[in-house]
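Q: What follows is upload07.csv; its format and atoms are CSV, C-alpha atoms.
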```csv
chain,number,residue,atom,x,y,z
A,20,PRO,CA,46.1,-13.8,4.6
A,21,ALA,CA,44.1,-11.7,7.0
A,22,ASP,CA,41.4,-11.1,4.3
A,23,LEU,CA,41.1,-14.8,3.6
A,24,ALA,CA,40.9,-15.6,7.3
A,25,ARG,CA,38.0,-13.1,7.8
A,26,THR,CA,36.3,-14.5,4.7
A,27,ALA,CA,36.6,-18.0,6.2
A,28,ARG,CA,35.0,-16.8,9.4
A,29,GLN,CA,32.2,-15.2,7.5
A,30,ALA,CA,31.6,-18.4,5.6
A,31,LEU,CA,31.1,-20.2,8.9
A,32,ARG,CA,28.7,-17.6,10.1
A,33,LEU,CA,26.7,-18.2,7.0
A,34,GLY,CA,26.5,-21.9,7.6
A,35,ALA,CA,29.4,-23.4,5.8
A,36,ARG,CA,30.5,-26.8,7.2
A,37,GLY,CA,33.9,-26.6,5.7
A,38,VAL,CA,36.4,-24.2,4.1
A,39,ASP,CA,38.6,-25.1,1.2
A,40,ILE,CA,41.5,-22.8,0.0
A,41,ASN,CA,42.1,-23.4,-3.7
A,42,PHE,CA,45.6,-23.0,-4.9
A,43,GLY,CA,45.0,-25.3,-7.9
A,44,CYS,CA,43.1,-23.3,-10.6
A,45,PRO,CA,45.4,-23.0,-13.6
A,46,SER,CA,43.3,-20.5,-15.6
A,47,ARG,CA,45.3,-17.9,-17.4
A,48,PHE,CA,42.6,-15.4,-16.3
A,49,VAL,CA,43.6,-16.0,-12.7
A,50,HIS,CA,46.4,-13.7,-11.6
A,51,HIS,CA,47.4,-13.3,-7.9
A,52,SER,CA,45.4,-16.3,-6.7
A,53,GLY,CA,44.8,-19.9,-7.7
A,54,ALA,CA,47.7,-21.9,-9.0
A,55,MET,CA,49.6,-18.6,-9.6
A,56,LEU,CA,50.4,-18.6,-5.9
A,57,LEU,CA,52.4,-21.8,-6.2
A,58,ARG,CA,55.3,-19.5,-7.1
A,59,GLU,CA,55.1,-18.1,-3.6
A,60,PRO,CA,55.1,-21.0,-1.1
A,61,GLY,CA,55.9,-18.5,1.7
A,62,LEU,CA,52.7,-16.6,1.1
A,63,ILE,CA,50.8,-19.9,0.9
A,64,HIS,CA,52.1,-20.8,4.3
A,65,GLU,CA,51.1,-17.4,5.7
A,66,ILE,CA,47.6,-17.9,4.3
A,67,MET,CA,47.1,-21.3,5.8
A,68,LEU,CA,48.4,-20.2,9.2
A,69,ALA,CA,46.0,-17.3,9.2
A,70,VAL,CA,43.0,-19.3,8.1
A,71,ALA,CA,43.8,-22.2,10.4
A,72,ALA,CA,44.1,-19.8,13.4
A,73,GLU,CA,40.7,-18.3,12.5
A,74,VAL,CA,38.6,-21.5,11.8
A,75,GLY,CA,40.8,-24.6,12.4
A,76,GLY,CA,39.0,-27.1,14.6
A,77,GLU,CA,35.6,-25.4,14.1
A,78,CYS,CA,35.0,-26.9,10.6
A,79,THR,CA,36.7,-29.1,8.0
A,80,LEU,CA,39.6,-27.0,6.7
A,81,SER,CA,41.3,-28.2,3.5
A,82,ALA,CA,43.6,-26.8,0.8
A,83,LYS,CA,43.8,-27.9,-2.8
A,84,ALA,CA,46.9,-27.3,-4.9
A,85,ARG,CA,48.8,-28.7,-7.9
A,86,ALA,CA,52.1,-30.6,-7.8
A,87,GLY,CA,54.0,-27.5,-8.7
A,88,PHE,CA,53.9,-24.3,-10.7
A,89,SER,CA,56.3,-25.4,-13.5
A,90,ASP,CA,57.9,-28.6,-12.2
A,91,LYS,CA,56.7,-31.5,-10.0
A,92,SER,CA,59.9,-31.2,-7.9
A,93,GLU,CA,58.2,-28.3,-6.2
A,94,LEU,CA,55.7,-30.6,-4.5
A,95,ALA,CA,57.7,-31.1,-1.3
A,96,GLY,CA,57.9,-27.4,-0.6
A,97,ILE,CA,54.2,-26.9,-1.4
A,98,LEU,CA,53.2,-29.6,1.0
A,99,GLN,CA,55.4,-28.1,3.7
A,100,ALA,CA,53.7,-24.7,3.1
A,101,LEU,CA,50.2,-26.2,3.3
A,102,ASP,CA,50.7,-28.7,6.2
A,103,VAL,CA,50.0,-26.5,9.2
A,104,PRO,CA,48.1,-27.5,12.4
A,105,GLY,CA,44.4,-27.1,12.0
A,106,VAL,CA,44.4,-28.2,8.3
A,107,ASP,CA,42.4,-31.4,7.9
A,108,GLU,CA,43.1,-32.3,4.3
A,109,ILE,CA,45.6,-31.4,1.6
A,110,ILE,CA,44.3,-32.3,-1.9
A,111,ILE,CA,46.9,-32.5,-4.7
A,112,HIS,CA,46.1,-32.5,-8.4
A,113,CYS,CA,48.9,-34.5,-9.8
A,114,ARG,CA,49.9,-32.0,-12.5
A,115,THR,CA,51.7,-28.7,-12.5
A,116,ARG,CA,50.1,-25.4,-13.4
A,117,GLY,CA,51.9,-25.5,-16.6
A,118,ASP,CA,50.6,-29.0,-17.4
A,119,LEU,CA,47.0,-27.7,-17.4
A,120,TYR,CA,45.0,-30.8,-18.1
A,121,ARG,CA,47.3,-32.7,-20.5
A,122,SER,CA,46.7,-36.4,-20.0
A,123,GLU,CA,50.4,-37.4,-20.5
A,124,ALA,CA,51.4,-35.0,-17.7
A,125,LEU,CA,49.4,-36.7,-15.0
A,126,ASP,CA,51.4,-38.7,-12.5
A,127,TRP,CA,49.6,-40.0,-9.4
A,128,SER,CA,52.8,-41.7,-8.2
A,129,ILE,CA,54.4,-38.4,-7.2
A,130,LEU,CA,52.4,-38.5,-4.0
A,131,ALA,CA,53.6,-41.9,-2.9
A,132,PRO,CA,56.7,-40.6,-1.0
A,133,PHE,CA,54.5,-38.3,1.0
A,134,ALA,CA,51.6,-40.6,1.8
A,135,GLY,CA,51.4,-40.8,5.6
A,136,ALA,CA,54.1,-38.2,6.1
A,137,THR,CA,51.8,-35.1,6.5
A,138,GLN,CA,49.8,-34.0,9.5
A,139,ALA,CA,46.8,-33.4,7.3
A,140,ARG,CA,45.2,-36.2,5.3
A,141,LEU,CA,46.8,-36.3,1.9
A,142,VAL,CA,44.2,-36.7,-0.9
A,143,ALA,CA,45.0,-37.6,-4.5
A,144,ASN,CA,43.2,-35.9,-7.4
A,145,GLY,CA,43.4,-35.8,-11.2
A,146,ASP,CA,41.5,-37.5,-14.0
A,147,ILE,CA,39.6,-40.0,-11.8
A,148,MET,CA,36.7,-40.7,-14.1
A,149,THR,CA,35.9,-44.4,-13.4
A,150,ARG,CA,36.3,-47.0,-10.7
A,151,ALA,CA,39.3,-48.4,-12.5
A,152,ASP,CA,40.9,-45.0,-12.4
A,153,ALA,CA,40.2,-44.7,-8.7
A,154,LEU,CA,41.8,-48.1,-8.0
A,155,ALA,CA,44.8,-47.2,-10.1
A,156,CYS,CA,45.2,-43.8,-8.4
A,157,ALA,CA,45.0,-45.3,-4.9
A,158,ALA,CA,47.7,-47.9,-5.8
A,159,ALA,CA,50.0,-45.4,-7.5
A,160,SER,CA,49.7,-42.6,-4.9
A,161,GLY,CA,49.5,-44.6,-1.7
A,162,CYS,CA,46.7,-42.3,-0.6
A,163,GLY,CA,43.7,-43.7,1.2
A,164,ALA,CA,41.5,-40.8,0.1
A,165,LEU,CA,40.7,-39.5,-3.4
A,166,MET,CA,38.9,-36.5,-4.8
A,167,VAL,CA,36.9,-36.5,-7.9
A,168,GLY,CA,36.1,-33.3,-9.8
A,169,ARG,CA,35.2,-33.3,-13.5
A,170,GLY,CA,34.5,-37.0,-13.2
A,171,ALA,CA,31.6,-36.3,-10.9
A,172,LEU,CA,30.1,-34.1,-13.6
A,173,ALA,CA,30.4,-36.8,-16.2
A,174,ALA,CA,28.9,-39.4,-13.8
A,175,PRO,CA,27.1,-37.7,-10.8
A,176,ASN,CA,27.0,-41.1,-9.0
A,177,LEU,CA,30.8,-41.6,-9.4
A,178,PRO,CA,31.4,-41.9,-5.6
A,179,GLY,CA,28.9,-44.8,-5.5
A,180,VAL,CA,30.5,-46.3,-8.5
A,181,ILE,CA,33.9,-46.2,-6.9
A,182,LYS,CA,33.0,-47.1,-3.3
A,183,MET,CA,29.9,-49.4,-3.8
A,184,GLY,CA,30.4,-50.8,-7.3
A,185,GLU,CA,27.2,-49.1,-8.6
A,186,ALA,CA,26.6,-49.0,-12.3
A,187,PRO,CA,27.3,-45.6,-13.8
A,188,MET,CA,24.2,-43.4,-14.1
A,189,GLY,CA,22.1,-43.9,-17.2
A,190,PHE,CA,21.1,-41.0,-19.4
A,191,ALA,CA,17.5,-40.8,-18.3
A,192,LYS,CA,18.7,-40.3,-14.7
A,193,LEU,CA,21.3,-37.9,-15.8
A,194,ALA,CA,18.6,-35.8,-17.5
A,195,THR,CA,16.7,-35.8,-14.1
A,196,VAL,CA,19.9,-34.5,-12.4
A,197,ALA,CA,20.1,-31.8,-15.1
A,198,LEU,CA,16.5,-30.7,-14.3
A,199,GLY,CA,17.3,-30.6,-10.6
A,200,LEU,CA,20.3,-28.4,-11.3
A,201,ASP,CA,18.1,-26.1,-13.4
A,202,ALA,CA,15.5,-25.9,-10.5
A,203,ALA,CA,18.2,-25.2,-7.9
A,204,LEU,CA,19.6,-22.4,-10.0
A,205,GLY,CA,16.1,-21.0,-10.6
A,206,ALA,CA,15.4,-21.0,-6.8
A,207,ARG,CA,18.5,-18.9,-6.4
A,208,GLY,CA,17.3,-16.3,-8.9
A,209,VAL,CA,19.6,-17.2,-11.8
A,210,PRO,CA,18.0,-15.9,-15.0
A,211,PRO,CA,16.8,-18.5,-17.6
A,212,ALA,CA,19.5,-17.6,-20.1
A,213,SER,CA,22.2,-18.2,-17.6
A,214,ARG,CA,20.6,-21.4,-16.4
A,215,LEU,CA,20.6,-22.7,-20.0
A,216,ASP,CA,24.4,-21.9,-20.2
A,217,ARG,CA,25.0,-23.9,-17.0
A,218,LEU,CA,23.0,-26.8,-18.3
A,219,LYS,CA,25.0,-26.9,-21.5
A,220,GLN,CA,28.2,-26.8,-19.5
A,221,PHE,CA,27.0,-29.7,-17.3
A,222,LEU,CA,26.0,-31.8,-20.3
A,223,GLY,CA,29.2,-30.9,-22.0
A,224,TYR,CA,31.1,-32.6,-19.2
A,225,ALA,CA,28.5,-35.5,-18.9
A,226,ARG,CA,29.0,-36.5,-22.6
A,227,ARG,CA,32.6,-37.5,-21.8
A,228,GLY,CA,31.4,-40.4,-19.8
A,229,ASN,CA,27.8,-41.1,-21.0
A,230,ALA,CA,27.0,-42.3,-24.5
A,231,GLY,CA,23.4,-41.0,-24.2
A,232,ALA,CA,24.7,-37.6,-23.4
A,233,ARG,CA,27.1,-37.6,-26.3
A,234,GLU,CA,24.2,-38.3,-28.7
A,235,PHE,CA,21.9,-35.8,-27.0
A,236,PHE,CA,24.4,-32.9,-26.5
A,237,PRO,CA,24.6,-31.6,-30.1
A,238,ARG,CA,20.8,-31.2,-30.3
A,239,PHE,CA,20.6,-29.6,-26.9
A,240,CYS,CA,23.5,-27.3,-27.5
A,241,ARG,CA,21.7,-25.7,-30.5
A,242,LEU,CA,18.8,-24.5,-28.3
A,243,THR,CA,18.5,-20.9,-27.3
A,244,ASP,CA,15.2,-21.0,-25.5
A,245,HIS,CA,15.2,-22.1,-21.9
A,246,GLY,CA,11.7,-23.5,-22.1
A,247,GLU,CA,12.5,-25.6,-25.1
A,248,ALA,CA,15.5,-26.9,-23.2
A,249,GLN,CA,13.4,-27.9,-20.2
A,250,ALA,CA,10.9,-29.7,-22.5
A,251,LEU,CA,13.7,-31.6,-24.2
A,252,LEU,CA,15.2,-32.7,-20.9
A,253,ASN,CA,11.7,-33.8,-19.7
A,254,LYS,CA,11.4,-36.0,-22.7
A,255,ALA,CA,14.9,-37.4,-22.0
A,256,THR,CA,13.9,-38.4,-18.5
A,257,GLU,CA,11.1,-40.5,-20.1
A,258,GLY,CA,13.3,-41.9,-22.8
A,259,ASP,CA,11.0,-40.2,-25.4
A,260,LEU,CA,13.4,-38.6,-27.8
```
The structure in this file should be written as C-alpha cells.
A:
Amino acid sequence: PADLARTARQALRLGARGVDINFGCPSRFVHHSGAMLLREPGLIHEIMLAVAAEVGGECTLSAKARAGFSDKSELAGILQALDVPGVDEIIIHCRTRGDLYRSEALDWSILAPFAGATQARLVANGDIMTRADALACAAASGCGALMVGRGALAAPNLPGVIKMGEAPMGFAKLATVALGLDAALGARGVPPASRLDRLKQFLGYARRGNAGAREFFPRFCRLTDHGEAQALLNKATEGDL
C-alpha cells in the first residue's frame, strides 16, 4: 500500500490529472496484482486507504475491479473494500476474474442493487461496443456512468456515438487515427518495429466493429516493414486501396 501511495504522488508530480488503481486485469501472467488481488479484499482496502490519504482530493481517484475473483457474490465485499473517502469512482467490469471475457458470463444487472449506495460514483463496464449496448447497460445496471474499453479501440469515437448519436467512425478516418497513434509513439522514441506491432494490435481491435478494417487487416498484418505499413495506411486515408 505504501509503495502504491508513493507512486500515486509521483504520478501527480509528473502531471497526471487522475490516478486509477486497476484490480481488474485477469491475465494469467499477472500474479500479486490486478484481478488476483480480488482474493484479498482486506489488502485492497488497505491500498485504497493509503492512496486516498496521499492524493485523494488533489486529483480524480478511481479504482477498477471485476465483480469477483471466482463468483459474483463477492461483489459486495469488493465494493466495501474500494469505497473509502477520497475515492471518486469505482468501475466494475461485470464478470469475475475466472470469467475472463466470455460473453455469456457478462451480467450488467449485478450492479443494480448497489447503484446509488456507494460514496464513490459507481461506473458500469464490460462489452459496451455500441450505443445500443450502452443504453442496455445503463438500464440493467442502474448506473448513470459507463466506461468503455476495447469498444473505444474498435470505434475511437464511441463516446460521441453513445452520447451524441454520431455515426461510427468510417475506415478512412480510422486509418488517420492509426497514423496519429504511430506518430505519437514515434515522438516517444518507440522503435519502428514496436510501432508496427502496436498498429497491428489497434487494427486487430478495430476490425471487430469496422467492416473496412476487417477487410484491410489481413493485408496489413502480413507486413513486416514499418515504412510499407505507413504507406498503406496513407492510401487508406485517401480511400485508394
Q: Using only C-alpha atoms, which of A:Ala151, A:Ala174, A:Ala203, A:Leu125 sits nearest Gly231 in chain A?
A: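 Closest candidate: A:Ala174.
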Q: Hey, which of A:Arg114, A:Lys91, A:Lys83, A:Arg121 ends up closest to Val142 in chain A? Count only C-alpha atoms.
A: A:Lys83
Q: At a cut-off of 10 Å, using only C-alpha atoms, what residues contact Leu130 in chain A? Leave out same-chain residues fewer than 6 positions from it and give the result as a PDB file with C-alpha atoms, in the frame of the given file.
A:
```pdb
ATOM      1  CA  ALA A  86      52.100 -30.600  -7.800  1.00  0.00           C
ATOM      2  CA  LEU A  94      55.700 -30.600  -4.500  1.00  0.00           C
ATOM      3  CA  ALA A  95      57.700 -31.100  -1.300  1.00  0.00           C
ATOM      4  CA  ILE A 111      46.900 -32.500  -4.700  1.00  0.00           C
ATOM      5  CA  HIS A 112      46.100 -32.500  -8.400  1.00  0.00           C
ATOM      6  CA  CYS A 113      48.900 -34.500  -9.800  1.00  0.00           C
ATOM      7  CA  LEU A 141      46.800 -36.300   1.900  1.00  0.00           C
ATOM      8  CA  VAL A 142      44.200 -36.700  -0.900  1.00  0.00           C
ATOM      9  CA  ALA A 143      45.000 -37.600  -4.500  1.00  0.00           C
ATOM     10  CA  CYS A 156      45.200 -43.800  -8.400  1.00  0.00           C
ATOM     11  CA  ALA A 159      50.000 -45.400  -7.500  1.00  0.00           C
ATOM     12  CA  SER A 160      49.700 -42.600  -4.900  1.00  0.00           C
ATOM     13  CA  GLY A 161      49.500 -44.600  -1.700  1.00  0.00           C
ATOM     14  CA  CYS A 162      46.700 -42.300  -0.600  1.00  0.00           C
TER      15      CYS A 162
END
```
Q: Counting all atoms listed in the file, select every polymer residue within 6 Å of (28.3, -45.0, -12.2) as defined in the file's coordinates, and provide the selection as a CSV table (one decimal) with C-alpha atoms, in the coordinates of the input.
A:
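point10.csv was written with the following content:
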```csv
chain,number,residue,atom,x,y,z
A,174,ALA,CA,28.9,-39.4,-13.8
A,176,ASN,CA,27.0,-41.1,-9.0
A,177,LEU,CA,30.8,-41.6,-9.4
A,180,VAL,CA,30.5,-46.3,-8.5
A,185,GLU,CA,27.2,-49.1,-8.6
A,186,ALA,CA,26.6,-49.0,-12.3
A,187,PRO,CA,27.3,-45.6,-13.8
A,188,MET,CA,24.2,-43.4,-14.1
```
Q: Show me, as JSON, numbers by chain, the residues that have an atom within 7 Å of range 37-51 of chain A when counting only C-alpha atoms, minus same-chain residues fewer than 3 positions from it.
A: {"A": [27, 54, 55, 56, 78, 79, 80, 81, 82, 83, 84, 85, 116, 119]}
Q: Using all atoms listed in the file, pick whichever of A:Arg140, A:Arg227, A:Arg28, A:Arg207 has the shortest atom-to-atom distance to Ala164 in chain A.
A: A:Arg140
Q: For Leu62 in chain A, which of A:Ala206, A:Ala21, A:Ala131, A:Ala136 is the closest residue, counting all atoms listed in the file?
A: A:Ala21
Q: Between CA of Ile66 in chain A and CA of Ala35 in chain A, measure the distance and give it in Å to one decimal.
A: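 Between CA of Ile66 in chain A and CA of Ala35 in chain A the gap is 19.1 Å.
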Q: Please indicate the distance in Å from CA of Asn144 in chain A to CA of Met166 in chain A, rounded to one decimal place.
A: 5.1 Å
Q: Separation of CA of Gly87 in chain A and CA of Met67 in chain A, in Å?
A: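 Computed distance, CA of Gly87 in chain A to CA of Met67 in chain A, equals 17.2 Å.
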Q: Out of A:Gly168, A:Gly61, A:Gly76, A:Gly179, which residue has the shortest atom-to-atom distance to Ile110 in chain A when counting all atoms listed in the file?
A: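 Once distances to Ile110 in chain A are computed over all atoms listed in the file, the minimum belongs to A:Gly168.
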Q: Taking all atoms listed in the file into account, which of A:Ala194, A:Phe235, A:Glu247, A:Asp118 comes nearest Leu215 in chain A?
A: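 So, comparing all the options, the nearest one is A:Glu247.
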Q: Near Ala158 in chain A, within 10 Å and counting only C-alpha atoms, which residues show up once chain neighbours fewer than 4 positions away are dropped, as JSON, numbers by chain?
A: {"A": [127, 128, 131, 152, 153, 154, 162, 163]}
